[in-house]
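Following: one structure in structure tokens, then a few remarks.
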Amino acid sequence: MLSVHNLTLNIGTFQLKDISFQVSKGEYFILLGESGSGKSLLLESIAGLTKPESGQLFMNQNEITHTQIQKRNVGLVFQDHALFPHLTVEENITYPLRIKKISFSKIKESLAELATEMNIVPFLKRYPETLSGGEKQRVALARTLILKPDILLLDEPLSSMDVSLKADLRSMLRRINQKGQTILHVTHDYEEAISLAHQIGVIHNGQIIQTGTPHEVFTHPKNQFVAHFGGIKNFYPATLELGTDHETTKAHLNEHIGIDIFTKHKTTKGFVLIGQKNILLSRTPQPNGVMNQFHGTIKEIVPASMGYEIVVDCGILFYVSISSDSITTFDFKEKQEVWLAFNPSSVRFIPG
Amino acid sequence: MYKNNSIQWLFTFLGGVVLLFLIAPLAGLVFHSSGTEIADTIADKEVTYSIMLTLATSMIATTIFAFFAIPFSYLLARKLFFGKKIVLGIIDLPIVIPHSAAGIALLTVISKQGIIGKAGGLFGLEFPSSSAGIVLAMAFVSLPFLINAARNGFEEVPERLEKAALNLGASPAKVFFSISLPLAWRSIVSGLIMMFARGMSEFGAVVIIAYHPMITPVMIFERFGAFGLKYARPVALIFIAVCLVFFVLLRYLSNPKKDAIRS
């Protein structure tokens, strides 16, 4: 379906570098990256609104790098919806068909079908300025879908919505994709990516640094940026050294901190990942013989959706999830000295 | 917020002086003209012909040059090019130079020996002392008002909307006519009205190009010089009244009724 080869693009001081990825027919591909990482620019260059410096774009094996915007059949839904303010919702949606001089009856038929499917019928005669964010997004989607594009490009479609609207729109996007519509969607929200994507590409500083299924990307993050982006905080580069017992392996996180892990990997370099909930936090040390026990100071206590996240400085920062009850019971406070411990079996090593 | 504030009273007083300065001459015209004078002037065919000529030439100048100026304004709003600032300066030139000087400058190119004059001659058109010359003189001094208003209007249309239309399959021409032009329309209409108004009130450039046929500003000057204030005043009053009626009407027509659903 869509194939991007070594795309490079310069806009002022910003650069997209050597971008390559593929989106298969019917696939839901999400490009995940921070604001300013070049995601929107990449979509615009696929749509033909921005010319790349080098590289090639293919759609169904046909090169479209230099094809006119209006002949690409690539539907882009802008982050701010870009609805035409002087046209009603109905006129906005039918705009692509009216300019192609499609017959009135066919326009009416397509409009009725889409408007019903996307629950737009009640406000067809209204102007965009009177619509809510969610309604505008549905209209923008309908206006693009009426063209039956080969690929639907979505620029942060859920960014300006509240939680309940997000859930509705997510299920709508899922439905659209299930009907066979190929989608390339850019977002900064990894939860959005997990809930929708078949494939993910992580973009950072104008480069795609990892692609794969959500499971692959978030269980085997390629580097610290990907891990942090996926909400994995205890992710550290490590150098391995086989333990004297030949069962455990010592993973050195820095000069002073080495942790015991179980791994069959023979490589010496990689990353270790420790689940936040797998770390035990206490104000006194655990009995002798406990592996992976470190002394540190509480740097920060941050309220989280399921309790609290405690940041402990042990020379490196460890992030620990803890329930509201535990924080009351143990009376944890910032700047307090604490001990943390975790089992070698709860540490995952990813060769890198 | 500024209740009982002395500075507010001072500003109100200063504003009142400005308003009085603007209103007093117009009120003077009204109070010093008798009904009989006005009725006689309206019945004067020279006056009515002159007003019709003024309205018609200004309308023609606005219509013809709008076809060139509006697309040009779009270009100025959207494109960066070498020497753009110089081009913008040239556009504003007619506003800053004395209009009699503008008339002289224009005469050098539209007289029989001038480039435009020679080209017009090929089609049997003569510009000095003709309605065609008046049209050119009016256009010369009033074009900046249209170009600047239209350029501002196009600049306010978000480029994203044009990109969205292109992405939806519209050609650049279609984007211009279906998105950019309708969205900039209010500013363009304002520019058209300003150009029309400025053309109608032009005296300096027109009097150099064509004393005859006589547009109303020239007629007011001529009657004042030949017969005095008493004879110039009713013509001025009637011309101002006609102008006011036209502008109110044009403003009304250019502001489409707000759709009930929109509000």
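Residues are referred to by chain and number: the chain letter is A, B, ... according to the order shown in the structure tokens, the number counts from 1 in that chain, and ligands are numbered separately from 1 in the order shown.
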ask   = as a PyMOL selection string, which residues of stretch 17-241 of chain B does DSSP assign to helix (DSSP H, G or I)?
value = chain B and resi 17-32+35-43+45-78+84-96+99-110+115-122+131-155+159-167+172-200+204-209+216-227+229-241
Closest atom pairs, chain A residues within 9 Å of chain B, only C-alpha atoms, as a Markdown table:
```
| residue | atom | partner | partner_atom | distance |
| --- | --- | --- | --- | --- |
| A:Ala47 | CA | B:Asn167 | CA | 6.9 |
| A:Gly48 | CA | B:Asn167 | CA | 8.1 |
| A:Leu49 | CA | B:Lys163 | CA | 6.7 |
| A:Ile69 | CA | B:Asn167 | CA | 5.9 |
| A:Gln70 | CA | B:Gly169 | CA | 4.0 |
| A:Lys71 | CA | B:Gly169 | CA | 6.7 |
| A:Arg72 | CA | B:Asn167 | CA | 8.3 |
| A:Asn73 | CA | B:Gly169 | CA | 7.8 |
| A:Val74 | CA | B:Asn167 | CA | 7.3 |
| A:Gly75 | CA | B:Asn167 | CA | 6.6 |
| A:Leu76 | CA | B:Asn167 | CA | 6.8 |
| A:Val77 | CA | B:Ala164 | CA | 8.1 |
| A:Phe78 | CA | B:Ala164 | CA | 7.8 |
| A:His81 | CA | B:Ala164 | CA | 8.9 |
| A:Ala82 | CA | B:Leu161 | CA | 5.4 |
| A:Leu83 | CA | B:Leu161 | CA | 7.1 |
| A:Phe84 | CA | B:Leu161 | CA | 6.6 |
| A:Pro85 | CA | B:Leu183 | CA | 8.1 |
| A:His86 | CA | B:Leu183 | CA | 6.8 |
| A:Thr88 | CA | B:Arg262 | CA | 8.8 |
| A:Tyr95 | CA | B:Leu168 | CA | 7.9 |
| A:Pro96 | CA | B:Leu168 | CA | 5.3 |
| A:Leu97 | CA | B:Gly169 | CA | 8.8 |
| A:Ile99 | CA | B:Ala170 | CA | 6.5 |
| A:Lys100 | CA | B:Gly169 | CA | 7.8 |
| A:Lys125 | CA | B:Ile261 | CA | 7.5 |
| A:Arg126 | CA | B:Ile261 | CA | 6.0 |
| A:Tyr127 | CA | B:Arg262 | CA | 5.7 |
| A:Pro128 | CA | B:Arg262 | CA | 8.7 |
| A:Glu129 | CA | B:Arg262 | CA | 7.9 |
| A:Thr130 | CA | B:Arg262 | CA | 7.0 |
| A:Arg143 | CA | B:Leu168 | CA | 8.2 |
| A:Thr144 | CA | B:Leu168 | CA | 6.9 |
| A:Leu147 | CA | B:Leu168 | CA | 7.5 |
```
Using N, CA, C and O atoms, can you write the selected residues to a file as a short mmCIF file (atom, residue, chain, number, x, y, z; two decimals), in the first residue's frame?
```cif
data_model
loop_
_atom_site.label_atom_id
_atom_site.label_comp_id
_atom_site.auth_asym_id
_atom_site.auth_seq_id
_atom_site.Cartn_x
_atom_site.Cartn_y
_atom_site.Cartn_z
N ALA A 47 0.98 13.60 1.99
CA ALA A 47 -0.19 14.15 1.28
C ALA A 47 0.21 15.05 0.11
O ALA A 47 -0.61 15.39 -0.73
N GLY A 48 1.49 15.44 0.08
CA GLY A 48 1.96 16.27 -1.04
C GLY A 48 1.93 17.76 -0.73
O GLY A 48 2.16 18.57 -1.62
N LEU A 49 1.65 18.12 0.52
CA LEU A 49 1.58 19.54 0.85
C LEU A 49 2.95 20.13 1.12
O LEU A 49 3.14 21.34 1.10
N ILE A 69 -0.94 17.10 -5.55
CA ILE A 69 -1.67 16.82 -4.30
C ILE A 69 -3.04 16.24 -4.60
O ILE A 69 -3.45 15.22 -4.04
N GLN A 70 -3.76 16.90 -5.52
CA GLN A 70 -5.16 16.55 -5.76
C GLN A 70 -5.31 15.22 -6.51
O GLN A 70 -6.41 14.72 -6.67
N LYS A 71 -4.17 14.64 -6.95
CA LYS A 71 -4.27 13.37 -7.69
C LYS A 71 -3.73 12.19 -6.89
O LYS A 71 -3.59 11.11 -7.41
N ARG A 72 -3.42 12.40 -5.61
CA ARG A 72 -2.80 11.32 -4.84
C ARG A 72 -3.82 10.37 -4.22
O ARG A 72 -3.49 9.27 -3.83
N ASN A 73 -5.03 10.84 -4.05
CA ASN A 73 -6.08 10.07 -3.34
C ASN A 73 -5.63 9.65 -1.94
O ASN A 73 -5.78 8.51 -1.52
N VAL A 74 -5.02 10.61 -1.27
CA VAL A 74 -4.57 10.43 0.11
C VAL A 74 -5.39 11.41 0.94
O VAL A 74 -5.36 12.60 0.67
N GLY A 75 -6.15 10.91 1.90
CA GLY A 75 -7.03 11.82 2.66
C GLY A 75 -6.39 12.24 3.97
O GLY A 75 -6.08 11.40 4.81
N LEU A 76 -6.17 13.52 4.13
CA LEU A 76 -5.54 14.02 5.36
C LEU A 76 -6.56 14.74 6.23
O LEU A 76 -7.25 15.65 5.77
N VAL A 77 -6.67 14.31 7.48
CA VAL A 77 -7.54 15.02 8.44
C VAL A 77 -6.61 15.82 9.36
O VAL A 77 -5.81 15.26 10.09
N PHE A 78 -6.73 17.14 9.28
CA PHE A 78 -5.83 18.01 10.03
C PHE A 78 -6.17 18.01 11.52
O PHE A 78 -7.32 17.78 11.90
N HIS A 81 -8.83 20.29 12.28
CA HIS A 81 -9.96 19.89 11.44
C HIS A 81 -10.02 20.62 10.10
O HIS A 81 -10.48 20.06 9.12
N ALA A 82 -9.60 21.89 10.06
CA ALA A 82 -9.60 22.69 8.82
C ALA A 82 -10.94 22.62 8.09
O ALA A 82 -10.99 22.44 6.87
N LEU A 83 -12.02 22.78 8.84
CA LEU A 83 -13.34 22.83 8.19
C LEU A 83 -13.52 24.21 7.57
O LEU A 83 -13.05 25.20 8.12
N PHE A 84 -14.21 24.26 6.45
CA PHE A 84 -14.39 25.54 5.77
C PHE A 84 -15.49 26.33 6.50
O PHE A 84 -16.65 25.90 6.51
N PRO A 85 -15.14 27.47 7.10
CA PRO A 85 -16.12 28.15 7.96
C PRO A 85 -17.31 28.75 7.22
O PRO A 85 -18.34 29.00 7.83
N HIS A 86 -17.15 28.98 5.91
CA HIS A 86 -18.25 29.62 5.17
C HIS A 86 -19.21 28.59 4.59
O HIS A 86 -20.18 28.96 3.91
N THR A 88 -21.73 25.05 5.22
CA THR A 88 -22.40 24.27 6.26
C THR A 88 -21.72 22.90 6.36
O THR A 88 -20.89 22.55 5.51
N TYR A 95 -18.10 18.76 -0.34
CA TYR A 95 -17.18 19.60 -1.12
C TYR A 95 -16.33 18.78 -2.11
O TYR A 95 -16.27 19.11 -3.30
N PRO A 96 -15.68 17.69 -1.66
CA PRO A 96 -14.82 16.96 -2.59
C PRO A 96 -15.58 16.39 -3.80
O PRO A 96 -15.02 16.27 -4.88
N LEU A 97 -16.84 16.04 -3.58
CA LEU A 97 -17.62 15.45 -4.69
C LEU A 97 -18.16 16.56 -5.60
O LEU A 97 -18.22 16.40 -6.83
N ILE A 99 -16.79 19.44 -6.28
CA ILE A 99 -15.77 20.01 -7.18
C ILE A 99 -15.40 19.02 -8.28
O ILE A 99 -14.86 19.42 -9.30
N LYS A 100 -15.73 17.76 -8.06
CA LYS A 100 -15.48 16.77 -9.12
C LYS A 100 -16.68 16.61 -10.03
O LYS A 100 -16.71 15.74 -10.88
N LYS A 125 -27.05 20.99 8.70
CA LYS A 125 -27.30 22.35 8.19
C LYS A 125 -26.59 23.43 9.00
O LYS A 125 -26.73 24.61 8.72
N ARG A 126 -25.84 23.00 10.01
CA ARG A 126 -25.17 24.00 10.84
C ARG A 126 -23.81 24.38 10.28
O ARG A 126 -23.27 23.70 9.42
N TYR A 127 -23.27 25.49 10.79
CA TYR A 127 -21.95 25.93 10.38
C TYR A 127 -20.90 25.42 11.37
O TYR A 127 -21.22 25.23 12.55
N PRO A 128 -19.67 25.18 10.92
CA PRO A 128 -18.65 24.59 11.81
C PRO A 128 -18.45 25.33 13.11
O PRO A 128 -18.19 24.71 14.14
N GLU A 129 -18.59 26.66 13.09
CA GLU A 129 -18.31 27.42 14.32
C GLU A 129 -19.27 27.07 15.45
O GLU A 129 -19.00 27.37 16.61
N THR A 130 -20.40 26.43 15.12
CA THR A 130 -21.38 26.09 16.16
C THR A 130 -21.18 24.66 16.70
O THR A 130 -21.94 24.22 17.53
N ARG A 143 -15.76 14.23 5.69
CA ARG A 143 -15.39 14.98 4.48
C ARG A 143 -14.24 14.28 3.75
O ARG A 143 -14.16 14.29 2.53
N THR A 144 -13.35 13.67 4.51
CA THR A 144 -12.22 12.98 3.89
C THR A 144 -12.65 11.59 3.40
O THR A 144 -12.25 11.17 2.31
N LEU A 147 -14.37 10.71 -0.06
CA LEU A 147 -13.54 10.54 -1.27
C LEU A 147 -13.07 9.10 -1.44
O LEU A 147 -12.45 8.78 -2.44
#
```
message = Using only C-alpha atoms, which protein or nucleic acid residues come within 8 Å of B:Ala77? Drop anything in the same chain fewer than 6 positions from it, and give the result as a list in words.
response =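 Counting only C-alpha atoms, the residues come to Arg151, Asn152, Phe154 and Glu155 of chain B.
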inquiry  = Report, in Å to a single decimal, how far apart atom CA of A:Asp80 and atom CA of A:Ile30 are.
reply    =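 Rounded to one decimal, the two atoms are 18.6 Å apart.
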Spatial neighbours of B:Phe196, max dist 7 Å, only C-alpha atoms, sep filter under 6 positions, as JSON, numbers by chain = {"B": [58, 59, 62]}
Kindly export the residues of the current selection with C-alpha atoms, as a PDB file, in the first residue's frame.
```
ATOM      1  CA  SER B  58     -15.687  55.376 -10.721  1.00  0.00           C
ATOM      2  CA  MET B  59     -17.762  52.205 -11.003  1.00  0.00           C
ATOM      3  CA  THR B  62     -13.347  49.790  -9.901  1.00  0.00           C
TER       4      THR B  62
END
```
key: Who sits within 12 Å of B:Trp185, only C-alpha atoms, same chain under 2 positions skipped, as a PyMOL selection string   = (chain A and resi 86) or (chain B and resi 70+74+146+149-157+176-183+187-192+254-256)
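Interatomic distance, atom CA of A:Asn292 to atom CA of A:Asp331: 23.1 Å.
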inquiry  = When you look at A:Asp189 with a cut-off of 10 Å (counting only C-alpha atoms), what residues show up, excluding the ones that are within fewer than 3 positions of it in the same chain? I need them as a ChimeraX atom specification.
reply    = /A:31-34,156,158-159,186,192-194,229-230
Store the residues picked out above in a file with C-alpha atoms, as a compact mmCIF listing (two decimals), in the first residue's frame.
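Generated file (again.txt):
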```txt
# COMPACT_ATOMS: atom_id res chain seq x y z
CA LEU A 31 3.45 7.08 14.26
CA LEU A 32 4.22 7.90 17.85
CA GLY A 33 6.33 10.87 18.86
CA GLU A 34 6.57 13.94 21.03
CA GLU A 156 -3.54 13.88 16.35
CA LEU A 158 -7.97 12.75 19.64
CA SER A 159 -5.77 15.45 21.07
CA VAL A 186 0.16 10.32 14.28
CA GLU A 192 -3.89 5.63 21.90
CA ALA A 193 -1.28 3.71 19.97
CA ILE A 194 -1.73 0.56 22.04
CA PHE A 229 7.56 7.13 25.83
CA GLY A 230 5.72 3.89 26.46
```
Can you list every residue of stretch 52-103 of chain B that has an atom at most 12 Å from stretch 127-137 of chain B, with its nearest atom pair and the distance in Å to one decimal, using only C-alpha atoms, ordered by chain then number, as JSON lines?
```
{"residue": "B:Met52", "atom": "CA", "partner": "B:Ser131", "partner_atom": "CA", "distance": 11.8}
{"residue": "B:Leu53", "atom": "CA", "partner": "B:Ser131", "partner_atom": "CA", "distance": 8.1}
{"residue": "B:Thr54", "atom": "CA", "partner": "B:Ile134", "partner_atom": "CA", "distance": 8.8}
{"residue": "B:Leu55", "atom": "CA", "partner": "B:Val135", "partner_atom": "CA", "distance": 10.5}
{"residue": "B:Ala56", "atom": "CA", "partner": "B:Val135", "partner_atom": "CA", "distance": 9.0}
{"residue": "B:Thr57", "atom": "CA", "partner": "B:Val135", "partner_atom": "CA", "distance": 5.2}
{"residue": "B:Ser58", "atom": "CA", "partner": "B:Val135", "partner_atom": "CA", "distance": 6.4}
{"residue": "B:Met59", "atom": "CA", "partner": "B:Val135", "partner_atom": "CA", "distance": 8.7}
{"residue": "B:Ile60", "atom": "CA", "partner": "B:Val135", "partner_atom": "CA", "distance": 6.8}
{"residue": "B:Ala61", "atom": "CA", "partner": "B:Val135", "partner_atom": "CA", "distance": 5.0}
{"residue": "B:Thr62", "atom": "CA", "partner": "B:Val135", "partner_atom": "CA", "distance": 8.7}
{"residue": "B:Thr63", "atom": "CA", "partner": "B:Val135", "partner_atom": "CA", "distance": 10.5}
{"residue": "B:Ile64", "atom": "CA", "partner": "B:Val135", "partner_atom": "CA", "distance": 9.4}
{"residue": "B:Phe65", "atom": "CA", "partner": "B:Leu136", "partner_atom": "CA", "distance": 9.5}
{"residue": "B:Pro94", "atom": "CA", "partner": "B:Ala137", "partner_atom": "CA", "distance": 10.5}
{"residue": "B:His99", "atom": "CA", "partner": "B:Ala137", "partner_atom": "CA", "distance": 9.4}
{"residue": "B:Ser100", "atom": "CA", "partner": "B:Ala137", "partner_atom": "CA", "distance": 10.2}
{"residue": "B:Ala101", "atom": "CA", "partner": "B:Ala137", "partner_atom": "CA", "distance": 11.4}
{"residue": "B:Ala102", "atom": "CA", "partner": "B:Ala137", "partner_atom": "CA", "distance": 8.3}
{"residue": "B:Gly103", "atom": "CA", "partner": "B:Ala137", "partner_atom": "CA", "distance": 6.7}
```
query = Got a sec: who's within 12 Å of A:His66, counting only C-alpha atoms, leaving out chain neighbours fewer than 5 positions off, as a list in words?
reply = Ser45, Ile46, Ala47, Gly48, Leu49, Thr50, Lys51, Pro52, Glu53, Ser54, Gly55, Gln56, Leu57, Phe58, Met59, Lys71 and Arg72 of chain A
Write to file, as a JSON list (two decimals), in the first residue's frame, the residues of the selection just made, with C-alpha atoms.
```json
[["chain", "number", "residue", "atom", "x", "y", "z"],
["A", 45, "SER", "CA", 4.75, 15.40, 2.84],
["A", 46, "ILE", "CA", 2.88, 12.11, 2.21],
["A", 47, "ALA", "CA", -0.19, 14.15, 1.28],
["A", 48, "GLY", "CA", 1.96, 16.27, -1.04],
["A", 49, "LEU", "CA", 1.58, 19.54, 0.85],
["A", 50, "THR", "CA", 5.29, 19.72, 1.60],
["A", 51, "LYS", "CA", 7.96, 18.72, -0.90],
["A", 52, "PRO", "CA", 10.67, 16.32, 0.35],
["A", 53, "GLU", "CA", 14.36, 17.07, -0.33],
["A", 54, "SER", "CA", 15.01, 13.48, -1.22],
["A", 55, "GLY", "CA", 13.50, 10.02, -0.94],
["A", 56, "GLN", "CA", 10.54, 8.34, -2.56],
["A", 57, "LEU", "CA", 6.88, 7.70, -1.82],
["A", 58, "PHE", "CA", 4.98, 4.80, -3.34],
["A", 59, "MET", "CA", 1.26, 4.13, -3.23],
["A", 71, "LYS", "CA", -4.27, 13.37, -7.69],
["A", 72, "ARG", "CA", -2.80, 11.32, -4.84]]
```
